[in-house]
$ cat coords24.cif   # mmCIF, C-alpha atoms
data_structure
loop_
_atom_site.label_atom_id
_atom_site.label_comp_id
_atom_site.auth_asym_id
_atom_site.auth_seq_id
_atom_site.Cartn_x
_atom_site.Cartn_y
_atom_site.Cartn_z
CA MET A 1 -232.16 33.65 -44.01
CA PHE A 2 -232.71 32.91 -40.36
CA VAL A 3 -230.95 35.10 -37.82
CA THR A 4 -230.82 33.51 -34.37
CA GLY A 5 -229.13 34.17 -31.07
CA GLN A 6 -229.27 36.55 -28.18
CA VAL A 7 -228.23 40.19 -28.11
CA PRO A 8 -228.20 42.73 -25.30
CA THR A 9 -230.75 45.23 -26.62
CA ALA A 10 -233.86 45.50 -28.78
CA GLU A 11 -232.08 48.17 -30.78
CA ARG A 12 -229.41 45.66 -31.72
CA ILE A 13 -232.10 43.34 -33.07
CA GLU A 14 -233.47 46.14 -35.22
CA ALA A 15 -229.97 47.00 -36.43
CA VAL A 16 -229.39 43.40 -37.50
CA SER A 17 -232.70 43.43 -39.37
CA ARG A 18 -231.78 46.62 -41.20
CA ILE A 19 -228.44 45.23 -42.32
CA ALA A 20 -229.78 41.80 -43.23
CA ALA A 21 -232.51 43.41 -45.32
CA ARG A 22 -229.83 44.80 -47.67
CA LEU A 23 -229.06 41.30 -48.94
CA PRO A 24 -230.72 40.74 -52.29
CA ASP A 25 -232.90 37.70 -52.97
CA HIS A 26 -233.25 36.72 -49.32
CA VAL A 27 -236.23 36.53 -47.02
CA VAL A 28 -235.00 37.46 -43.55
CA HIS A 29 -236.40 35.82 -40.42
CA ASN A 30 -235.00 37.71 -37.46
CA ASP A 31 -235.31 35.38 -34.44
CA LEU A 32 -232.88 37.28 -32.23
CA THR A 33 -233.86 37.70 -28.59
CA VAL A 34 -232.70 40.08 -25.90
CA ILE A 35 -230.65 38.40 -23.22
CA THR A 36 -231.11 40.77 -20.30
CA LEU A 37 -232.83 39.06 -17.39
CA ALA A 38 -233.74 40.34 -13.98
CA GLU A 39 -231.87 38.54 -11.25
CA ALA A 40 -234.82 37.36 -9.25
CA PRO A 41 -237.98 35.57 -10.31
CA ALA A 42 -241.31 37.23 -9.66
CA VAL A 43 -243.58 35.34 -7.29
CA GLU A 44 -247.35 35.32 -7.72
CA GLN A 45 -249.91 33.95 -5.33
CA LEU A 46 -252.74 32.53 -7.41
CA PRO A 47 -256.33 32.75 -6.21
CA MET B 1 -248.54 26.00 -0.88
CA ILE B 2 -247.32 24.45 -4.11
CA ARG B 3 -244.66 26.60 -5.75
CA VAL B 4 -244.35 26.12 -9.49
CA ALA B 5 -241.32 27.68 -11.19
CA ALA B 6 -241.90 28.07 -14.90
CA VAL B 7 -240.35 29.56 -18.00
CA GLY B 8 -240.65 29.02 -21.73
CA ASP B 9 -238.75 29.98 -24.84
CA VAL B 10 -235.26 29.86 -23.40
CA HIS B 11 -234.05 29.16 -26.97
CA PHE B 12 -230.75 27.62 -26.04
CA GLY B 13 -227.86 27.53 -28.47
CA ALA B 14 -224.15 26.97 -28.35
CA ASP B 15 -223.53 30.44 -26.89
CA SER B 16 -226.13 30.09 -24.12
CA ALA B 17 -223.96 28.21 -21.63
CA GLY B 18 -224.02 29.89 -18.26
CA THR B 19 -227.00 32.14 -18.96
CA LEU B 20 -229.53 30.15 -16.92
CA ARG B 21 -227.42 28.19 -14.47
CA PRO B 22 -226.64 31.01 -12.02
CA HIS B 23 -230.38 31.59 -11.59
CA LEU B 24 -231.06 27.95 -10.79
CA ASP B 25 -228.86 27.69 -7.71
CA GLU B 26 -231.66 28.90 -5.45
CA LEU B 27 -234.45 27.10 -7.28
CA ALA B 28 -234.81 24.18 -4.89
CA GLY B 29 -235.30 26.57 -1.98
CA ASN B 30 -237.89 28.64 -3.78
CA ALA B 31 -239.94 26.15 -5.79
CA ASP B 32 -241.29 22.61 -5.64
CA LEU B 33 -241.10 21.85 -9.34
CA PHE B 34 -239.68 23.42 -12.48
CA LEU B 35 -241.62 23.52 -15.74
CA LEU B 36 -240.31 24.50 -19.19
CA ALA B 37 -242.95 25.57 -21.72
CA GLY B 38 -241.25 24.67 -24.98
CA ASP B 39 -238.72 26.17 -27.39
CA LEU B 40 -235.91 24.75 -25.35
CA THR B 41 -233.61 25.21 -28.35
CA ARG B 42 -233.24 27.55 -31.30
CA ARG B 43 -233.21 25.10 -34.19
CA GLY B 44 -234.09 21.80 -32.54
CA LEU B 45 -230.57 20.43 -32.53
CA PRO B 46 -229.44 17.86 -29.96
CA GLU B 47 -226.23 19.80 -29.38
CA GLU B 48 -228.30 22.85 -28.42
CA ALA B 49 -230.32 20.67 -26.03
CA ARG B 50 -227.07 19.44 -24.51
CA VAL B 51 -226.12 23.01 -23.55
CA LEU B 52 -229.42 23.37 -21.70
CA ALA B 53 -229.10 19.90 -20.17
CA ASP B 54 -225.74 20.92 -18.71
CA GLU B 55 -227.36 23.96 -17.11
CA LEU B 56 -229.89 21.74 -15.35
CA VAL B 57 -227.36 19.46 -13.68
CA GLY B 58 -227.92 19.48 -9.95
CA VAL B 59 -231.37 21.09 -10.03
CA ASP B 60 -232.99 19.18 -7.21
CA VAL B 61 -236.72 19.52 -7.94
CA PRO B 62 -238.88 17.52 -10.36
CA MET B 63 -238.58 18.99 -13.87
CA PHE B 64 -241.03 18.71 -16.74
CA ALA B 65 -241.15 20.23 -20.20
CA VAL B 66 -243.00 20.25 -23.48
CA LEU B 67 -241.33 20.89 -26.80
CA GLY B 68 -242.00 23.98 -28.88
CA ASN B 69 -242.02 24.65 -32.61
CA HIS B 70 -238.31 25.52 -32.63
CA ASP B 71 -237.52 22.11 -31.14
CA TYR B 72 -239.08 20.48 -34.22
CA HIS B 73 -237.26 22.61 -36.79
CA SER B 74 -234.45 20.17 -37.64
CA GLY B 75 -236.58 17.04 -37.51
CA GLN B 76 -234.52 15.80 -34.56
CA GLU B 77 -237.10 16.30 -31.83
CA ASP B 78 -236.74 12.71 -30.61
CA ALA B 79 -233.02 13.25 -30.10
CA VAL B 80 -233.75 16.52 -28.26
CA VAL B 81 -236.12 14.62 -25.96
CA ARG B 82 -233.51 11.96 -25.30
CA VAL B 83 -230.90 14.55 -24.34
CA MET B 84 -233.28 16.34 -22.01
CA GLU B 85 -234.57 13.18 -20.37
CA ALA B 86 -231.02 11.98 -19.76
CA ALA B 87 -230.60 15.19 -17.76
CA GLY B 88 -233.64 14.40 -15.62
CA LEU B 89 -236.13 16.63 -17.42
CA ARG B 90 -239.22 14.65 -18.38
CA VAL B 91 -240.70 15.78 -21.69
CA LEU B 92 -244.48 15.41 -21.88
CA GLU B 93 -246.52 15.10 -25.06
CA GLY B 94 -250.16 14.24 -24.60
CA GLU B 95 -249.57 12.65 -21.24
CA GLY B 96 -249.60 13.39 -17.55
CA ALA B 97 -247.26 12.79 -14.66
CA VAL B 98 -247.71 12.94 -10.90
CA VAL B 99 -245.21 14.10 -8.30
CA ASP B 100 -245.55 14.17 -4.54
CA VAL B 101 -244.85 17.54 -2.98
CA GLY B 102 -244.87 17.14 0.78
CA GLY B 103 -247.87 14.85 0.67
CA CYS B 104 -249.73 16.83 -1.98
CA ARG B 105 -250.11 15.03 -5.29
CA VAL B 106 -249.36 17.43 -8.13
CA GLY B 107 -250.27 16.42 -11.66
CA VAL B 108 -248.71 17.92 -14.76
CA ALA B 109 -250.32 17.31 -18.15
CA GLY B 110 -248.34 18.47 -21.13
CA THR B 111 -248.57 18.95 -24.86
CA LYS B 112 -246.92 21.25 -27.33
CA GLY B 113 -250.27 22.16 -28.78
CA PHE B 114 -250.54 24.00 -32.07
CA GLY B 115 -252.27 26.90 -33.77
CA GLY B 116 -255.58 27.47 -35.48
CA GLY B 117 -256.87 30.64 -33.90
CA PHE B 118 -259.72 31.60 -31.67
CA VAL B 119 -263.46 31.88 -31.87
CA GLY B 120 -264.50 34.19 -34.65
CA ALA B 121 -261.10 34.07 -36.34
CA CYS B 122 -260.05 30.46 -36.62
CA GLY B 123 -259.38 27.73 -39.10
CA SER B 124 -261.57 24.70 -39.50
CA GLU B 125 -261.30 21.18 -40.89
CA PHE B 126 -262.68 22.17 -44.27
CA GLY B 127 -261.34 22.45 -47.78
CA GLU B 128 -257.86 21.54 -48.85
CA PRO B 129 -256.22 18.49 -47.27
CA VAL B 130 -253.44 20.61 -45.82
CA MET B 131 -255.98 22.86 -44.09
CA LYS B 132 -257.82 19.86 -42.69
CA ALA B 133 -254.51 18.41 -41.51
CA PHE B 134 -253.56 21.68 -39.82
CA ILE B 135 -256.64 21.84 -37.65
CA ALA B 136 -256.86 18.08 -37.16
CA TYR B 137 -253.34 18.16 -35.73
CA THR B 138 -254.35 20.80 -33.19
CA ARG B 139 -257.53 18.90 -32.36
CA GLN B 140 -255.54 15.71 -31.80
CA MET B 141 -253.23 17.47 -29.37
CA ALA B 142 -256.15 19.11 -27.59
CA ASP B 143 -257.91 15.76 -27.26
CA ARG B 144 -254.84 14.15 -25.77
CA LEU B 145 -254.40 17.04 -23.36
CA GLU B 146 -257.98 16.67 -22.19
CA GLU B 147 -257.49 12.93 -21.73
CA ALA B 148 -254.33 13.52 -19.73
CA LEU B 149 -256.01 16.09 -17.48
CA THR B 150 -259.05 13.88 -16.98
CA GLY B 151 -256.79 10.96 -16.14
CA LEU B 152 -255.06 13.02 -13.46
CA ALA B 153 -258.28 14.17 -11.80
CA ALA B 154 -258.83 11.21 -9.53
CA ARG B 155 -255.23 10.77 -8.46
CA THR B 156 -254.01 14.31 -7.87
CA ASP B 157 -254.79 17.24 -5.59
CA VAL B 158 -253.50 19.96 -7.92
CA ARG B 159 -253.29 19.92 -11.72
CA VAL B 160 -251.17 22.05 -14.03
CA ALA B 161 -251.48 22.04 -17.82
CA LEU B 162 -248.19 22.76 -19.60
CA LEU B 163 -248.30 23.93 -23.23
CA HIS B 164 -246.19 25.78 -25.74
CA TYR B 165 -249.03 27.28 -27.80
CA SER B 166 -251.64 29.39 -26.07
CA PRO B 167 -255.11 28.20 -25.07
CA THR B 168 -256.46 31.75 -24.98
CA GLU B 169 -256.10 34.98 -26.91
CA VAL B 170 -255.97 36.94 -23.64
CA THR B 171 -252.28 36.15 -23.12
CA LEU B 172 -251.57 37.00 -26.77
CA ARG B 173 -252.50 40.65 -26.35
CA GLY B 174 -249.48 42.65 -27.43
CA GLU B 175 -248.85 40.42 -30.42
CA ARG B 176 -250.22 41.39 -33.83
CA PRO B 177 -253.77 40.00 -34.02
CA GLU B 178 -253.07 38.77 -37.54
CA ILE B 179 -250.73 36.10 -36.18
CA TYR B 180 -252.96 34.83 -33.36
CA PRO B 181 -253.88 31.73 -35.42
CA PHE B 182 -250.20 30.79 -35.41
CA LEU B 183 -249.84 31.34 -31.68
CA GLY B 184 -252.60 29.18 -30.26
CA SER B 185 -256.04 27.68 -30.52
CA TYR B 186 -259.36 27.79 -28.74
CA LEU B 187 -259.37 23.98 -29.01
CA LEU B 188 -256.63 23.89 -26.37
CA GLY B 189 -258.68 26.15 -24.10
CA GLU B 190 -261.74 23.98 -24.47
CA ALA B 191 -259.66 20.91 -23.66
CA VAL B 192 -258.40 22.51 -20.46
CA ASP B 193 -261.88 23.61 -19.44
CA ARG B 194 -263.32 20.15 -20.00
CA GLY B 195 -260.41 18.26 -18.45
CA GLY B 196 -259.96 20.64 -15.54
CA ALA B 197 -256.82 22.31 -14.20
CA ASP B 198 -255.73 24.75 -11.52
CA LEU B 199 -253.25 26.57 -13.74
CA VAL B 200 -252.23 26.61 -17.40
CA LEU B 201 -248.73 27.64 -18.44
CA HIS B 202 -247.62 28.33 -22.00
CA GLY B 203 -244.97 30.17 -23.98
CA HIS B 204 -244.50 31.00 -27.69
CA ALA B 205 -245.95 34.53 -27.56
CA HIS B 206 -242.87 36.62 -26.80
CA ALA B 207 -244.73 39.90 -27.15
CA GLY B 208 -247.95 38.80 -25.48
CA SER B 209 -249.24 39.31 -21.95
CA GLU B 210 -248.39 37.26 -18.88
CA ARG B 211 -251.80 36.90 -17.28
CA GLY B 212 -254.99 35.51 -18.70
CA TRP B 213 -257.65 32.85 -18.33
CA THR B 214 -259.57 30.35 -20.36
CA GLU B 215 -263.20 30.83 -21.34
CA GLY B 216 -264.01 28.62 -18.36
CA GLY B 217 -262.09 30.86 -15.97
CA ILE B 218 -258.95 28.80 -15.40
CA GLU B 219 -255.88 30.92 -14.77
CA VAL B 220 -253.39 31.04 -17.65
CA ARG B 221 -249.85 32.40 -17.55
CA ASN B 222 -247.66 33.11 -20.56
CA VAL B 223 -244.16 32.36 -19.32
CA ALA B 224 -242.18 33.12 -22.47
CA GLN B 225 -238.84 34.30 -21.13
CA PRO B 226 -238.57 37.32 -23.46
CA LEU B 227 -241.88 38.47 -22.01
CA LEU B 228 -241.04 37.78 -18.35
CA GLY B 229 -237.57 39.30 -18.59
CA ARG B 230 -236.62 36.96 -15.77
CA PRO B 231 -235.00 33.55 -15.56
CA TYR B 232 -238.37 32.12 -14.52
CA ASN B 233 -241.37 33.09 -12.45
CA ILE B 234 -242.91 31.28 -9.50
CA TYR B 235 -246.64 30.63 -9.23
CA CYS B 236 -247.98 29.61 -5.84
CA LEU B 237 -251.03 27.37 -5.75
CA ARG B 238 -253.01 26.71 -2.61
CA ARG B 239 -252.91 23.19 -1.29
CA PRO B 240 -256.39 21.72 -1.18
CA PRO B 241 -257.67 20.58 2.19
CA VAL B 242 -256.50 17.09 3.03
CA SER B 243 -259.18 14.77 1.71
CA GLY B 244 -260.98 12.89 4.45
CA ALA B 245 -259.85 15.36 7.13
CA ASP B 246 -263.40 16.22 8.14
CA GLU B 247 -264.32 12.57 8.30
CA LEU B 248 -261.25 11.84 10.40
CA LEU B 249 -262.08 14.68 12.77
CA GLU B 250 -265.63 13.49 13.08
CA THR B 251 -264.75 9.88 13.82
CA SER B 252 -262.08 10.84 16.34
CA THR B 253 -264.38 13.12 18.33
CA PRO B 254 -265.46 11.49 21.64
CA ARG B 255 -269.13 10.62 21.63
#

$ encode --input "coords24.cif" --output "structure tokens"
Amino acid sequence: MFVTGQVPTAERIEAVSRIAARLPDHVVHNDLTVITLAEAPAVEQLP
Amino acid sequence: MIRVAAVGDVHFGADSAGTLRPHLDELAGNADLFLLAGDLTRRGLPEEARVLADELVGVDVPMFAVLGNHDYHSGQEDAVVRVMEAAGLRVLEGEGAVVDVGGCRVGVAGTKGFGGGFVGACGSEFGEPVMKAFIAYTRQMADRLEEALTGLAARTDVRVALLHYSPTEVTLRGERPEIYPFLGSYLLGEAVDRGGADLVLHGHAHAGSERGWTEGGIEVRNVAQPLLGRPYNIYCLRRPPVSGADELLETSTPR
């Protein structure tokens, strides 16, 4: 079973994993990502 | 100064509409080109690509991308490419492109790349056919990347290599070492070092490190969005001196 999408916290990802793991006879692939993004990009001056 | 905005692993799906667009309004004022380092979608579906394509409408800088492993998942990668290219995002695979940024010729060479691992802990083209095919696939992509970079050398002032998989284990630090062979390959790093580049950008390693370098000392940045925690980052490259400037100065000096 593949779990995909975006959630607001890393804890939510872990919670989904815990619940999904209760399903019998399934291999769980948790591909959830956390959606929170900083507003501004970081800028780096390369050498 | 050449300002390269880059991000990877945006993993767009049906519920992603509006998550990137607000951050792109200022892009043209802050960057000269926008690069996407693969995993544009979650499952490689054209309808997912369409959500991302809609976000990119009106972005007024040259845009390039490579695909990632997620973009291949449904076997519809060609359709994903078509959707993205219709939106003005050129998808590179084993090829290079040149854009003019205020008189500076910037080359972008792109490939998805693949895994295989790094020196001391890598696969090789030996044994079972599937193992040979695994490494041969990575080697083929590395060879094409090197060719693309070499081809750009004579006709560009600045070169950027754009990958999904990593060319170095340095930017994988933070990931479990056991999965490094599935996150990148030294063959990609060797290709970059032989072909030459000013900067390498990749994604795929969400829990890795942003900053690294190839064995040859070329700067590498892991721009996976879950790692950056930002809509994208901007990397500023120095413009090289205008070629022939010294000669021009010399010939114009009164004798």

$ resolve_selection --input "coords24.cif" --expression "the PyMOL selection byres ((chain B) within 7 of (chain A))" --output "list in words"
Pro226, Gly229, Arg230, Pro231, Tyr232, Asn233, Ile234, Tyr235, Cys236 and Leu237 of chain B

$ resolve_selection --input "coords24.cif" --expression "the PyMOL selection byres ((chain B and resi 146) around 9)" --output "number ranges by chain"
B: 94, 109, 141-145, 147-151, 188, 190-196

$ residues_around --input "coords24.cif" --residues "Glu14 (chain A)" --least-positions-apart "3" --cutoff "12 Å" --atoms "only C-alpha atoms" --output "number ranges by chain"
A: 3, 7-11, 17-21, 29-34

$ residues_near_point --input "coords24.cif" --point "(-256.4, 24.4, -14.8)" --cutoff "7 Å" --atoms "all atoms listed in the file" --output "list in words"
Arg159, Val160, Ala161, Val192, Gly196, Ala197, Asp198, Leu199, Val200, Ile218 and Glu219 of chain B

$ resolve_selection --input "coords24.cif" --expression "the PyMOL selection byres ((chain B and resi 113) around 6)" --output "PDB file with C-alpha atoms, in the coordinates of the input"
ATOM      1  CA  THR B 111    -248.570  18.950 -24.860  1.00  0.00           C
ATOM      2  CA  LYS B 112    -246.920  21.250 -27.330  1.00  0.00           C
ATOM      3  CA  PHE B 114    -250.540  24.000 -32.070  1.00  0.00           C
ATOM      4  CA  MET B 141    -253.230  17.470 -29.370  1.00  0.00           C
ATOM      5  CA  TYR B 165    -249.030  27.280 -27.800  1.00  0.00           C
TER       6      TYR B 165
END

$ closest_residue --input "coords24.cif" --among "B:Val4, B:Asp54, B:His11, B:Arg139" --to "His206 (chain B)" --atoms "all atoms listed in the file"
B:His11

$ atom_distance --input "coords24.cif" --atom1 "CA of Asn69 (chain B)" --atom2 "CA of Val16 (chain A)"
23.1 Å

$ atom_distance --input "coords24.cif" --atom1 "CA of Arg43 (chain B)" --atom2 "CA of Ala14 (chain B)"
10.9 Å

$ atom_distance --input "coords24.cif" --atom1 "CA of Ser16 (chain B)" --atom2 "CA of Arg42 (chain B)"
10.4 Å

$ closest_residue --input "coords24.cif" --among "B:Glu77, B:Asp157, B:Asp32, B:Asp100" --to "Pro240 (chain B)" --atoms "all atoms listed in the file"
B:Asp157

$ residues_around --input "coords24.cif" --residues "Val106 (chain B)" --least-positions-apart "2" --cutoff "9 Å" --atoms "only C-alpha atoms" --output "ChimeraX atom specification"
/B:2,97-101,104,108,152,155-160

$ residues_near_point --input "coords24.cif" --point "(-243.3, 20.9, -18.9)" --cutoff "6 Å" --atoms "all atoms listed in the file" --output "list of chain:residue names"
B:Leu35, B:Leu36, B:Ala37, B:Phe64, B:Ala65, B:Val66, B:Leu162

$ residues_around --input "coords24.cif" --residues "Val51 (chain B)" --least-positions-apart "6" --cutoff "9 Å" --atoms "all atoms listed in the file" --output "MDAnalysis selection string"
chainID B and resid 12:18

$ residues_around --input "coords24.cif" --residues "Pro177 (chain B)" --least-positions-apart "4" --cutoff "12 Å" --atoms "all atoms listed in the file" --output "ChimeraX atom specification"
/B:117-118,121-122,169-173,181-184,205,207-208

$ build_atoms --input "coords24.cif" --residues "region 35-52 of chain B" --atoms "N, CA and C atoms" --output "mmCIF file, in the frame of the given file"
data_model
loop_
_atom_site.group_PDB
_atom_site.id
_atom_site.type_symbol
_atom_site.label_atom_id
_atom_site.label_comp_id
_atom_site.auth_asym_id
_atom_site.auth_seq_id
_atom_site.Cartn_x
_atom_site.Cartn_y
_atom_site.Cartn_z
ATOM 1 N N LEU B 35 -240.973 23.864 -14.485
ATOM 2 C CA LEU B 35 -241.620 23.520 -15.740
ATOM 3 C C LEU B 35 -241.087 24.404 -16.873
ATOM 4 N N LEU B 36 -240.817 23.784 -18.018
ATOM 5 C CA LEU B 36 -240.310 24.500 -19.190
ATOM 6 C C LEU B 36 -241.335 24.379 -20.313
ATOM 7 N N ALA B 37 -241.812 25.531 -20.786
ATOM 8 C CA ALA B 37 -242.950 25.570 -21.720
ATOM 9 C C ALA B 37 -242.521 25.648 -23.181
ATOM 10 N N GLY B 38 -241.580 24.805 -23.575
ATOM 11 C CA GLY B 38 -241.250 24.670 -24.980
ATOM 12 C C GLY B 38 -240.254 25.677 -25.525
ATOM 13 N N ASP B 39 -239.816 25.420 -26.768
ATOM 14 C CA ASP B 39 -238.720 26.170 -27.390
ATOM 15 C C ASP B 39 -237.505 26.166 -26.467
ATOM 16 N N LEU B 40 -237.091 24.949 -26.167
ATOM 17 C CA LEU B 40 -235.910 24.750 -25.350
ATOM 18 C C LEU B 40 -234.669 25.156 -26.152
ATOM 19 N N THR B 41 -234.757 24.979 -27.465
ATOM 20 C CA THR B 41 -233.610 25.210 -28.350
ATOM 21 C C THR B 41 -233.968 26.240 -29.418
ATOM 22 N N ARG B 42 -232.980 26.601 -30.207
ATOM 23 C CA ARG B 42 -233.240 27.550 -31.300
ATOM 24 C C ARG B 42 -233.661 26.828 -32.577
ATOM 25 N N ARG B 43 -232.924 25.771 -32.920
ATOM 26 C CA ARG B 43 -233.210 25.100 -34.190
ATOM 27 C C ARG B 43 -233.516 23.626 -34.005
ATOM 28 N N GLY B 44 -233.739 23.198 -32.765
ATOM 29 C CA GLY B 44 -234.090 21.800 -32.540
ATOM 30 C C GLY B 44 -232.941 20.846 -32.718
ATOM 31 N N LEU B 45 -231.745 21.278 -32.383
ATOM 32 C CA LEU B 45 -230.570 20.430 -32.530
ATOM 33 C C LEU B 45 -230.200 19.800 -31.194
ATOM 34 N N PRO B 46 -229.831 18.515 -31.209
ATOM 35 C CA PRO B 46 -229.440 17.860 -29.960
ATOM 36 C C PRO B 46 -228.291 18.563 -29.252
ATOM 37 N N GLU B 47 -227.358 19.122 -30.038
ATOM 38 C CA GLU B 47 -226.230 19.800 -29.380
ATOM 39 C C GLU B 47 -226.683 21.068 -28.653
ATOM 40 N N GLU B 48 -227.736 21.699 -29.147
ATOM 41 C CA GLU B 48 -228.300 22.850 -28.420
ATOM 42 C C GLU B 48 -228.958 22.362 -27.129
ATOM 43 N N ALA B 49 -229.666 21.235 -27.216
ATOM 44 C CA ALA B 49 -230.320 20.670 -26.030
ATOM 45 C C ALA B 49 -229.282 20.290 -24.979
ATOM 46 N N ARG B 50 -228.125 19.838 -25.450
ATOM 47 C CA ARG B 50 -227.070 19.440 -24.510
ATOM 48 C C ARG B 50 -226.578 20.641 -23.684
ATOM 49 N N VAL B 51 -226.549 21.810 -24.293
ATOM 50 C CA VAL B 51 -226.120 23.010 -23.550
ATOM 51 C C VAL B 51 -227.126 23.290 -22.426
ATOM 52 N N LEU B 52 -228.399 23.168 -22.736
ATOM 53 C CA LEU B 52 -229.420 23.370 -21.700
ATOM 54 C C LEU B 52 -229.352 22.262 -20.656
#
